[in-house]
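Text of coords12.cif, listed as mmCIF, C-alpha atoms:
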```cif
data_start
loop_
_atom_site.label_atom_id
_atom_site.label_comp_id
_atom_site.auth_asym_id
_atom_site.auth_seq_id
_atom_site.Cartn_x
_atom_site.Cartn_y
_atom_site.Cartn_z
CA MET A 3 -28.35 -7.12 -9.61
CA THR A 4 -26.06 -4.28 -10.65
CA TYR A 5 -26.02 -0.71 -9.36
CA ARG A 6 -27.37 0.41 -12.74
CA SER A 7 -30.36 -1.91 -12.37
CA LEU A 8 -31.02 -0.57 -8.86
CA TYR A 9 -30.79 2.97 -10.19
CA TRP A 10 -33.45 2.42 -12.85
CA LEU A 11 -35.60 0.43 -10.45
CA THR A 12 -35.48 3.31 -7.98
CA VAL A 13 -36.39 5.81 -10.70
CA LEU A 14 -39.19 3.88 -12.44
CA LEU A 15 -40.89 1.64 -9.87
CA PRO A 16 -42.47 4.25 -7.56
CA PRO A 17 -43.94 6.37 -10.40
CA PHE A 18 -45.39 3.27 -12.10
CA ILE A 19 -47.01 1.94 -8.91
CA ILE A 20 -48.34 5.27 -7.64
CA GLY A 21 -49.28 6.48 -11.12
CA GLY A 22 -51.06 3.17 -11.77
CA PHE A 23 -53.04 3.50 -8.55
CA GLU A 24 -54.07 7.04 -9.46
CA PHE A 25 -55.14 5.90 -12.93
CA VAL A 26 -57.29 3.10 -11.47
CA ARG A 27 -58.74 5.39 -8.83
CA HIS A 28 -59.78 8.10 -11.28
CA ASP A 29 -61.16 5.72 -13.89
CA PHE A 30 -62.83 3.05 -11.76
CA LEU A 31 -63.05 4.04 -8.10
CA LEU A 32 -64.38 7.60 -8.07
CA GLU A 33 -67.89 6.29 -7.34
CA TYR A 34 -66.59 4.48 -4.27
CA LEU A 35 -63.82 6.79 -2.99
CA SER A 36 -64.06 10.52 -2.42
CA MET A 37 -61.07 12.69 -3.35
CA GLU A 38 -60.20 13.21 0.32
CA THR A 39 -60.30 9.49 1.10
CA GLY A 40 -58.31 8.70 -2.04
CA ASN A 41 -55.64 11.22 -1.04
CA VAL A 42 -55.33 9.59 2.39
CA TYR A 43 -55.04 6.13 0.81
CA ILE A 44 -52.44 7.25 -1.73
CA THR A 45 -50.38 8.88 1.04
CA ILE A 46 -50.46 5.71 3.14
CA LEU A 47 -49.69 3.58 0.08
CA THR A 48 -46.77 5.82 -0.88
CA LEU A 49 -45.33 5.65 2.62
CA LEU A 50 -45.73 1.86 2.79
CA LEU A 51 -44.22 1.27 -0.65
CA SER A 52 -41.35 3.66 0.04
CA PHE A 53 -40.55 1.90 3.32
CA LEU A 54 -40.66 -1.59 1.80
CA PHE A 55 -38.70 -0.61 -1.29
CA ALA A 56 -36.04 1.33 0.64
CA THR A 57 -35.62 -1.54 3.11
CA TRP A 58 -35.20 -4.08 0.31
CA MET A 59 -32.89 -1.85 -1.72
CA PHE A 60 -30.54 -0.98 1.16
CA ARG A 61 -30.29 -4.62 2.22
CA LYS A 62 -29.40 -5.45 -1.37
CA ILE A 63 -26.76 -2.70 -1.43
CA GLU A 64 -25.31 -3.89 1.90
CA ARG A 65 -24.92 -7.41 0.52
CA MET A 66 -23.29 -6.07 -2.63
CA ASN A 67 -20.93 -3.90 -0.61
CA ALA A 68 -20.02 -6.83 1.66
CA LYS A 69 -19.19 -8.91 -1.40
CA LEU A 70 -17.15 -6.04 -2.83
CA VAL A 71 -15.19 -5.63 0.41
CA GLU A 72 -14.49 -9.37 0.45
CA GLU A 73 -13.22 -9.21 -3.14
CA GLN A 74 -11.03 -6.22 -2.33
CA ALA A 75 -9.55 -8.02 0.70
CA ARG A 76 -8.83 -11.09 -1.45
CA ARG A 77 -7.22 -8.91 -4.10
CA ALA A 78 -5.11 -7.16 -1.45
CA VAL A 79 -3.82 -10.56 -0.31
CA TYR A 80 -2.95 -11.53 -3.89
CA GLU A 81 -1.19 -8.20 -4.48
CA GLU A 82 0.76 -8.59 -1.25
CA ARG A 83 1.84 -12.09 -2.27
CA GLU A 84 2.92 -10.78 -5.66
CA ARG A 85 4.89 -8.00 -4.04
CA LEU A 86 6.62 -10.46 -1.72
CA ALA A 87 7.41 -12.75 -4.65
CA ARG A 88 9.02 -9.86 -6.55
CA GLU A 89 10.94 -8.78 -3.46
CA LEU A 90 12.23 -12.29 -2.77
CA HIS A 91 13.21 -12.81 -6.40
CA ASP A 92 14.91 -9.44 -6.60
CA GLY A 93 16.81 -9.82 -3.34
CA ILE A 94 17.46 -13.49 -2.68
CA ALA A 95 18.06 -14.62 -6.27
CA GLN A 96 20.76 -12.01 -6.82
CA SER A 97 22.30 -12.70 -3.42
CA LEU A 98 22.42 -16.45 -4.10
CA PHE A 99 24.10 -15.87 -7.46
CA PHE A 100 26.66 -13.59 -5.84
CA LEU A 101 27.20 -16.13 -3.04
CA ASN A 102 27.82 -18.90 -5.56
CA VAL A 103 30.38 -16.79 -7.42
CA LYS A 104 32.25 -15.80 -4.27
CA LEU A 105 32.35 -19.35 -2.93
CA LYS A 106 33.84 -20.55 -6.22
CA GLN A 107 36.44 -17.79 -5.96
CA GLY A 108 37.18 -18.66 -2.34
CA GLN A 109 36.27 -15.16 -1.11
CA LEU A 110 34.69 -16.19 2.17
CA GLU A 111 34.26 -12.69 3.61
CA ASP A 112 32.17 -11.52 0.65
CA ALA A 113 30.26 -14.82 0.81
CA ARG A 114 29.49 -14.15 4.47
CA VAL A 115 28.10 -10.73 3.54
CA ALA A 116 25.86 -12.38 0.92
CA VAL A 117 24.57 -14.88 3.50
CA SER A 118 23.77 -11.97 5.83
CA ALA A 119 21.87 -10.22 3.02
CA ILE A 120 19.85 -13.37 2.33
CA ASP A 121 19.08 -13.65 6.05
CA ASN A 122 17.80 -10.06 6.09
CA HIS A 123 15.58 -10.65 3.05
CA VAL A 124 14.09 -13.82 4.55
CA ARG A 125 13.44 -12.16 7.89
CA GLN A 126 11.73 -9.26 6.16
CA ALA A 127 9.60 -11.62 4.08
CA ILE A 128 8.53 -13.51 7.22
CA PHE A 129 7.70 -10.23 8.93
CA ASN A 130 5.59 -9.10 5.96
CA LEU A 131 3.77 -12.44 5.83
CA ARG A 132 2.85 -12.10 9.50
CA SER A 133 1.32 -8.67 8.85
CA LEU A 134 -2.19 -8.68 7.44
CA PRO A 135 -2.61 -6.39 4.40
CA GLU A 136 -5.30 -4.32 6.14
CA GLU A 137 -2.90 -3.71 9.05
CA GLY A 138 -0.59 -1.70 6.87
CA SER A 139 -0.43 -2.32 3.17
CA SER A 140 0.94 1.05 2.09
CA PHE A 141 4.63 1.57 1.46
CA THR A 142 4.85 4.21 4.19
CA GLN A 143 3.35 1.86 6.76
CA ARG A 144 5.66 -0.99 5.76
CA VAL A 145 8.70 1.26 6.12
CA GLU A 146 7.54 2.47 9.53
CA LYS A 147 6.92 -1.08 10.77
CA TRP A 148 10.24 -2.35 9.48
CA LEU A 149 12.18 0.52 11.05
CA SER A 150 10.39 -0.01 14.34
CA GLN A 151 11.37 -3.69 14.30
CA TRP A 152 14.93 -2.86 13.22
CA SER A 153 15.30 -0.34 16.05
CA ALA A 154 14.06 -2.88 18.60
CA LEU A 155 16.51 -5.53 17.35
CA SER A 156 19.54 -3.26 16.94
CA GLY A 157 19.06 -0.94 19.91
CA VAL A 158 19.66 2.08 17.67
CA ASP A 159 17.09 4.86 17.92
CA VAL A 160 15.53 5.90 14.62
CA THR A 161 13.93 9.21 13.70
CA GLN A 162 11.86 8.92 10.55
CA GLU A 163 9.97 11.35 8.38
CA VAL A 164 8.08 10.01 5.38
CA LYS A 165 5.97 12.37 3.28
CA LEU A 166 4.48 10.43 0.38
CA ASP A 167 1.06 10.22 -1.20
CA ASP A 168 -0.48 6.75 -1.41
CA GLY A 169 0.65 5.01 -4.58
CA PHE A 170 3.50 7.47 -5.14
CA PHE A 171 5.81 4.61 -6.17
CA SER A 172 4.95 1.68 -8.39
CA PRO A 173 5.23 -1.81 -6.80
CA ALA A 174 8.52 -2.41 -8.65
CA GLU A 175 9.93 0.91 -7.40
CA GLU A 176 8.82 0.10 -3.86
CA VAL A 177 10.80 -3.16 -3.96
CA GLN A 178 13.96 -1.37 -5.11
CA LEU A 179 13.61 1.49 -2.62
CA PHE A 180 12.83 -0.85 0.25
CA GLY A 181 15.96 -2.81 -0.67
CA VAL A 182 18.05 0.38 -0.41
CA ILE A 183 16.59 1.16 3.01
CA GLN A 184 17.19 -2.39 4.25
CA GLU A 185 20.79 -2.46 3.04
CA ALA A 186 21.57 0.99 4.46
CA PHE A 187 20.23 0.12 7.90
CA ALA A 188 21.88 -3.31 7.82
CA ASN A 189 25.21 -1.51 7.31
CA ILE A 190 24.43 0.84 10.18
CA ARG A 191 23.74 -2.11 12.47
CA LYS A 192 26.84 -4.05 11.45
CA HIS A 193 29.48 -1.39 10.85
CA ALA A 194 28.53 2.09 12.08
CA ASN A 195 28.55 1.62 15.88
CA ALA A 196 25.86 4.30 15.89
CA ARG A 197 23.49 5.40 18.62
CA HIS A 198 20.98 7.20 16.40
CA ALA A 199 19.86 7.02 12.79
CA TRP A 200 17.63 9.20 10.65
CA LEU A 201 15.48 8.51 7.60
CA LYS A 202 13.77 11.17 5.55
CA LEU A 203 11.78 10.33 2.41
CA VAL A 204 9.88 13.09 0.64
CA GLY A 205 8.03 13.07 -2.66
CA ALA A 206 7.44 16.38 -4.43
CA GLY A 207 5.60 15.06 -7.49
CA PRO A 208 5.79 12.34 -10.14
CA GLY A 209 9.42 11.33 -10.56
CA ASN A 210 10.62 13.87 -7.99
CA TRP A 211 11.65 12.51 -4.62
CA GLN A 212 14.55 12.29 -2.24
CA LEU A 213 15.66 9.74 0.35
CA VAL A 214 18.22 10.62 3.01
CA ILE A 215 19.56 8.10 5.54
CA GLU A 216 22.04 9.27 8.17
CA ASP A 217 23.70 7.91 11.31
CA ASP A 218 26.00 9.28 14.01
CA GLY A 219 28.45 6.38 13.86
CA ILE A 220 32.11 6.13 12.93
CA GLY A 221 31.54 7.18 9.33
CA ILE A 222 32.47 5.61 6.04
CA PRO A 223 35.83 5.92 4.27
CA PRO A 224 35.79 8.03 1.08
CA ILE A 225 34.64 6.07 -1.97
CA ASP A 226 36.78 6.54 -5.07
CA GLY A 227 35.06 5.53 -8.29
CA GLU A 228 32.54 2.71 -8.17
CA ALA A 229 31.57 1.10 -4.86
CA LYS A 230 33.44 -2.16 -4.35
CA LYS A 231 31.59 -3.59 -1.38
CA TYR A 232 28.66 -5.80 -2.26
CA GLY A 233 26.13 -3.91 -0.14
CA LEU A 234 27.11 -0.50 -1.46
CA ALA A 235 27.24 -1.83 -5.01
CA MET A 236 23.72 -3.22 -4.61
CA MET A 237 22.47 0.16 -3.35
CA CYS A 238 24.06 1.90 -6.34
CA GLU A 239 22.49 -0.63 -8.70
CA ARG A 240 19.06 -0.17 -7.08
CA ALA A 241 19.42 3.61 -7.32
CA LYS A 242 20.18 3.19 -11.03
CA GLN A 243 17.05 1.07 -11.46
CA LEU A 244 15.06 3.83 -9.76
CA GLY A 245 16.56 6.52 -12.01
CA ALA A 246 18.04 8.27 -8.98
CA ALA A 247 21.45 9.75 -8.28
CA ILE A 248 23.12 8.38 -5.14
CA VAL A 249 25.69 10.06 -2.90
CA ILE A 250 27.41 8.22 -0.03
CA ARG A 251 29.59 10.43 2.15
CA GLN A 252 30.66 11.28 5.67
CA ARG A 253 28.58 13.72 7.68
CA ALA A 254 30.23 16.87 8.93
CA ALA A 255 28.97 16.02 12.43
CA GLY A 256 30.27 12.45 12.17
CA GLY A 257 28.68 9.36 10.74
CA THR A 258 27.49 8.55 7.24
CA GLU A 259 24.93 10.06 4.90
CA ILE A 260 23.29 8.23 2.00
CA ARG A 261 21.27 10.45 -0.31
CA LEU A 262 19.16 9.32 -3.28
CA THR A 263 17.67 12.04 -5.46
CA ALA A 264 15.32 11.56 -8.40
CA GLY A 265 14.24 14.45 -10.59
CA ASN A 266 14.42 17.70 -8.68
CA GLY A 267 14.19 15.88 -5.35
CA GLY A 268 11.65 16.51 -2.65
CA MET A 269 13.48 18.74 -0.19
CA GLY A 270 16.42 21.00 0.28
CA ARG A 271 19.87 20.00 1.40
#
```
Would you mind giving the structure from this file in structure tokens?
Amino acid sequence: MTYRSLYWLTVLLPPFIIGGFEFVRHDFLLEYLSMETGNVYITILTLLLSFLFATWMFRKIERMNAKLVEEQARRAVYEERERLARELHDGIAQSLFFLNVKLKQGQLEDARVAVSAIDNHVRQAIFNLRSLPEEGSSFTQRVEKWLSQWSALSGVDVTQEVKLDDGFFSPAEEVQLFGVIQEAFANIRKHANARHAWLKLVGAGPGNWQLVIEDDGIGIPPIDGEAKKYGLAMMCERAKQLGAAIVIRQRAAGGTEIRLTAGNGGMGR
């Protein structure tokens, strides 16, 4: 039974039953029931019918809601699987292609970097599969969990600030942005020799957001022209897919800053 059917049943059933009783009472029972006695009976009947109908209706609604919750949970699982499939395809497939090219060229150092990237993607996929969707299915929660795990594994403290509305990014954008975050923090762990890292992600409206990742490590050499390293090139490519401008530079206080800005951005400099 649909909610529309319950609505009309709630509206029509009580008037028909009570109105029918009143019609019978006035036409056929006036000789046997006084007005006072009839009023008492109709009050008791109304109370009894209201109790029985409300009990039945709310039990029906509870069963419908339970079924709806079950369907939503199943859909969340399917959506999470689809997201993981997109993430694995986007990350591992490209990394494997790059690995194949570098092995054919005999460039073992770049091939090693590709293997490390594949390892990071697989570890992240395993971590996501271990997390139930209801434990943290939003993008913000996934970022927070991943950074917490990364900090525990790397020993580098992380300060994070994420200000996003639910559903701010599309699933495809989330995959690209998560890839940028993963690559940036993988570089911090491997190359920066940092003690602290910062992440700030702020959305100011549709198409307007900014991501800033910083560390207090040894810093990055100036980049002239296009990024040559595979990891940096991948971040630049992901930023392009997101329609964001990317700046990679040394911090004045030491370390590296990576800044992605889309639209007018979400915060000041």
Interatomic distance (Å, one decimal) between CA of Phe23 (chain A) and CA of Phe53 (chain A):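 Rounded to one decimal, the two atoms are 17.3 Å apart.
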Between CA of Met237 (chain A) and CA of Ala174 (chain A) - distance in Å to one decimal: 15.1 Å
How big is the axis-aligned box, and where does its centre sit, when it encloses all atoms of region 14-24 of chain A listed in the file and has 4 Å added on every side, reported in Å to one decimal as lines of an AutoDock Vina configuration file?
```
center_x = -46.6
center_y = 4.3
center_z = -10.0
size_x = 22.9
size_y = 13.4
size_z = 12.9
```
Minimum-distance residue to Gln184 (chain A), chosen among A:Asn67, A:Arg251, A:Tyr80, A:Val145 (using only C-alpha atoms):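 Selected residue with least distance to Gln184 (chain A): A:Val145.
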For CA of Thr12 (chain A) and CA of Glu64 (chain A), the interatomic separation in Å (one decimal):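 One can read the CA of Thr12 (chain A) to CA of Glu64 (chain A) distance as 15.9 Å.
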Using only C-alpha atoms, which residues of region 161-211 of chain A come within 12 Å of region 97-118 of chain A, and what is the closest atom pair for each, with the distance in Å to one decimal? Give it as a tab-separated table, sorted by chain and residue number.
```
residue	atom	partner	partner_atom	distance
A:Gln184	CA	A:Ser118	CA	11.7
A:Glu185	CA	A:Ser118	CA	10.3
A:Ala188	CA	A:Ser118	CA	9.1
A:Asn189	CA	A:Val115	CA	10.4
A:Arg191	CA	A:Ser118	CA	11.9
A:Lys192	CA	A:Ser118	CA	10.2
A:His193	CA	A:Val115	CA	11.9
```
Write a file of the selected residues as a tab-separated table (two decimals), keeping the file's coordinate frame, keeping C-alpha atoms.
```tsv
chain	number	residue	atom	x	y	z
A	184	GLN	CA	17.19	-2.39	4.25
A	185	GLU	CA	20.79	-2.46	3.04
A	188	ALA	CA	21.88	-3.31	7.82
A	189	ASN	CA	25.21	-1.51	7.31
A	191	ARG	CA	23.74	-2.11	12.47
A	192	LYS	CA	26.84	-4.05	11.45
A	193	HIS	CA	29.48	-1.39	10.85
```
At a cut-off of 8 Å from (4.5, 9.4, -7.3) in the coordinates of the file, what residues are picked up using only C-alpha atoms, written as a PDB file with C-alpha atoms, keeping the file's coordinate frame?
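The resulting file, out-v7.pdb, is reproduced below:
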```
ATOM      1  CA  LEU A 166       4.480  10.430   0.380  1.00  0.00           C
ATOM      2  CA  ASP A 167       1.060  10.220  -1.200  1.00  0.00           C
ATOM      3  CA  GLY A 169       0.650   5.010  -4.580  1.00  0.00           C
ATOM      4  CA  PHE A 170       3.500   7.470  -5.140  1.00  0.00           C
ATOM      5  CA  PHE A 171       5.810   4.610  -6.170  1.00  0.00           C
ATOM      6  CA  SER A 172       4.950   1.680  -8.390  1.00  0.00           C
ATOM      7  CA  GLY A 205       8.030  13.070  -2.660  1.00  0.00           C
ATOM      8  CA  GLY A 207       5.600  15.060  -7.490  1.00  0.00           C
ATOM      9  CA  PRO A 208       5.790  12.340 -10.140  1.00  0.00           C
ATOM     10  CA  GLY A 209       9.420  11.330 -10.560  1.00  0.00           C
ATOM     11  CA  ASN A 210      10.620  13.870  -7.990  1.00  0.00           C
TER      12      ASN A 210
END
```
Point (15.1, 2.5, 6.3) neighbourhood (12 Å, all atoms listed in the file) written as a ChimeraX atom specification: /A:141-153,160-164,179-191,199-203,213-217,260
Nearest-residue call for Leu11 (chain A), choices A:Val158, A:Ile120, A:Ile250, A:Ala56, using all atoms listed in the file: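 Residue with the minimum atom-to-atom distance to Leu11 (chain A): A:Ala56.
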Residue among A:Met59, A:Cys238, A:Ile222, A:Ile20 lying closest to Arg253 (chain A), counting all atoms listed in the file: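 Among the listed residues, A:Ile222 lies closest to Arg253 (chain A).
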Among listed residues A:Asn41, A:Asn266, A:Ser7, A:Gln252, nearest Gly221 (chain A) (using only C-alpha atoms):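 Closest to Gly221 (chain A) of all the choices is A:Gln252.
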Residue nearest Leu262 (chain A) - candidates A:Ala247, A:Val26, A:Leu47, A:Val204, atoms counted: only C-alpha atoms: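 Using only C-alpha atoms, Leu262 (chain A) sits closest to A:Ala247.
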Given all atoms listed in the file as the counted atoms, nearest of A:Glu84, A:Gly40, A:Met66, A:Gln243 to His28 (chain A):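 Once distances to His28 (chain A) are computed over all atoms listed in the file, the minimum belongs to A:Gly40.
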Give me region 62-73 of chain A with all heavy atoms filled in, as a JSON list (two decimals), in the frame of the given file.
```
[["chain", "number", "residue", "atom", "x", "y", "z"],
["A", 62, "LYS", "N", -30.07, -4.98, -0.16],
["A", 62, "LYS", "CA", -29.40, -5.45, -1.37],
["A", 62, "LYS", "C", -28.05, -4.76, -1.53],
["A", 62, "LYS", "O", -27.03, -5.41, -1.84],
["A", 62, "LYS", "CB", -30.29, -5.16, -2.58],
["A", 62, "LYS", "CG", -29.76, -5.69, -3.90],
["A", 62, "LYS", "CD", -29.92, -7.18, -3.99],
["A", 62, "LYS", "CE", -29.54, -7.70, -5.35],
["A", 62, "LYS", "NZ", -29.64, -9.18, -5.44],
["A", 63, "ILE", "N", -28.00, -3.45, -1.30],
["A", 63, "ILE", "CA", -26.76, -2.70, -1.43],
["A", 63, "ILE", "C", -25.74, -3.15, -0.38],
["A", 63, "ILE", "O", -24.55, -3.27, -0.66],
["A", 63, "ILE", "CB", -27.03, -1.19, -1.31],
["A", 63, "ILE", "CG1", -27.81, -0.70, -2.55],
["A", 63, "ILE", "CG2", -25.73, -0.41, -1.16],
["A", 63, "ILE", "CD1", -28.24, 0.74, -2.48],
["A", 64, "GLU", "N", -26.21, -3.42, 0.84],
["A", 64, "GLU", "CA", -25.31, -3.89, 1.90],
["A", 64, "GLU", "C", -24.68, -5.23, 1.52],
["A", 64, "GLU", "O", -23.48, -5.43, 1.74],
["A", 64, "GLU", "CB", -26.08, -4.03, 3.22],
["A", 64, "GLU", "CG", -26.39, -2.71, 3.90],
["A", 64, "GLU", "CD", -27.21, -2.89, 5.16],
["A", 64, "GLU", "OE1", -27.56, -4.06, 5.48],
["A", 64, "GLU", "OE2", -27.50, -1.89, 5.82],
["A", 65, "ARG", "N", -25.48, -6.13, 0.95],
["A", 65, "ARG", "CA", -24.92, -7.41, 0.52],
["A", 65, "ARG", "C", -23.92, -7.23, -0.61],
["A", 65, "ARG", "O", -22.87, -7.89, -0.64],
["A", 65, "ARG", "CB", -26.05, -8.35, 0.09],
["A", 65, "ARG", "CG", -26.90, -8.88, 1.24],
["A", 65, "ARG", "CD", -27.76, -10.04, 0.80],
["A", 65, "ARG", "NE", -28.76, -9.65, -0.18],
["A", 65, "ARG", "CZ", -29.99, -9.24, 0.12],
["A", 65, "ARG", "NH1", -30.38, -9.20, 1.39],
["A", 65, "ARG", "NH2", -30.84, -8.90, -0.82],
["A", 66, "MET", "N", -24.22, -6.33, -1.53],
["A", 66, "MET", "CA", -23.29, -6.07, -2.63],
["A", 66, "MET", "C", -22.00, -5.44, -2.12],
["A", 66, "MET", "O", -20.90, -5.79, -2.57],
["A", 66, "MET", "CB", -23.96, -5.16, -3.67],
["A", 66, "MET", "CG", -25.12, -5.81, -4.40],
["A", 66, "MET", "SD", -26.02, -4.67, -5.47],
["A", 66, "MET", "CE", -24.79, -4.34, -6.73],
["A", 67, "ASN", "N", -22.12, -4.53, -1.17],
["A", 67, "ASN", "CA", -20.93, -3.90, -0.61],
["A", 67, "ASN", "C", -20.09, -4.91, 0.17],
["A", 67, "ASN", "O", -18.85, -4.87, 0.12],
["A", 67, "ASN", "CB", -21.32, -2.74, 0.31],
["A", 67, "ASN", "CG", -21.76, -1.51, -0.46],
["A", 67, "ASN", "OD1", -21.44, -1.37, -1.64],
["A", 67, "ASN", "ND2", -22.49, -0.63, 0.19],
["A", 68, "ALA", "N", -20.75, -5.81, 0.92],
["A", 68, "ALA", "CA", -20.02, -6.83, 1.66],
["A", 68, "ALA", "C", -19.24, -7.73, 0.71],
["A", 68, "ALA", "O", -18.09, -8.09, 0.97],
["A", 68, "ALA", "CB", -20.98, -7.65, 2.51],
["A", 69, "LYS", "N", -19.87, -8.08, -0.41],
["A", 69, "LYS", "CA", -19.19, -8.91, -1.40],
["A", 69, "LYS", "C", -18.02, -8.16, -2.02],
["A", 69, "LYS", "O", -16.95, -8.73, -2.26],
["A", 69, "LYS", "CB", -20.18, -9.33, -2.49],
["A", 69, "LYS", "CG", -19.60, -10.29, -3.51],
["A", 69, "LYS", "CD", -20.65, -10.74, -4.50],
["A", 69, "LYS", "CE", -20.07, -11.72, -5.51],
["A", 69, "LYS", "NZ", -21.08, -12.16, -6.50],
["A", 70, "LEU", "N", -18.22, -6.86, -2.26],
["A", 70, "LEU", "CA", -17.15, -6.04, -2.83],
["A", 70, "LEU", "C", -15.97, -5.93, -1.88],
["A", 70, "LEU", "O", -14.80, -6.03, -2.29],
["A", 70, "LEU", "CB", -17.69, -4.65, -3.18],
["A", 70, "LEU", "CG", -16.71, -3.67, -3.82],
["A", 70, "LEU", "CD1", -16.20, -4.21, -5.14],
["A", 70, "LEU", "CD2", -17.36, -2.31, -4.02],
["A", 71, "VAL", "N", -16.26, -5.72, -0.58],
["A", 71, "VAL", "CA", -15.19, -5.63, 0.41],
["A", 71, "VAL", "C", -14.42, -6.94, 0.48],
["A", 71, "VAL", "O", -13.18, -6.96, 0.59],
["A", 71, "VAL", "CB", -15.77, -5.27, 1.79],
["A", 71, "VAL", "CG1", -14.74, -5.45, 2.89],
["A", 71, "VAL", "CG2", -16.29, -3.84, 1.79],
["A", 72, "GLU", "N", -15.14, -8.06, 0.42],
["A", 72, "GLU", "CA", -14.49, -9.37, 0.45],
["A", 72, "GLU", "C", -13.57, -9.54, -0.76],
["A", 72, "GLU", "O", -12.45, -10.06, -0.64],
["A", 72, "GLU", "CB", -15.55, -10.47, 0.47],
["A", 72, "GLU", "CG", -14.99, -11.87, 0.55],
["A", 72, "GLU", "CD", -16.07, -12.93, 0.55],
["A", 72, "GLU", "OE1", -17.27, -12.57, 0.66],
["A", 72, "GLU", "OE2", -15.73, -14.13, 0.44],
["A", 73, "GLU", "N", -14.04, -9.11, -1.94],
["A", 73, "GLU", "CA", -13.22, -9.21, -3.14],
["A", 73, "GLU", "C", -11.98, -8.32, -3.04],
["A", 73, "GLU", "O", -10.89, -8.70, -3.47],
["A", 73, "GLU", "CB", -14.05, -8.82, -4.37],
["A", 73, "GLU", "CG", -15.13, -9.82, -4.75],
["A", 73, "GLU", "CD", -14.54, -11.16, -5.19],
["A", 73, "GLU", "OE1", -13.44, -11.17, -5.77],
["A", 73, "GLU", "OE2", -15.18, -12.19, -4.94]]
```
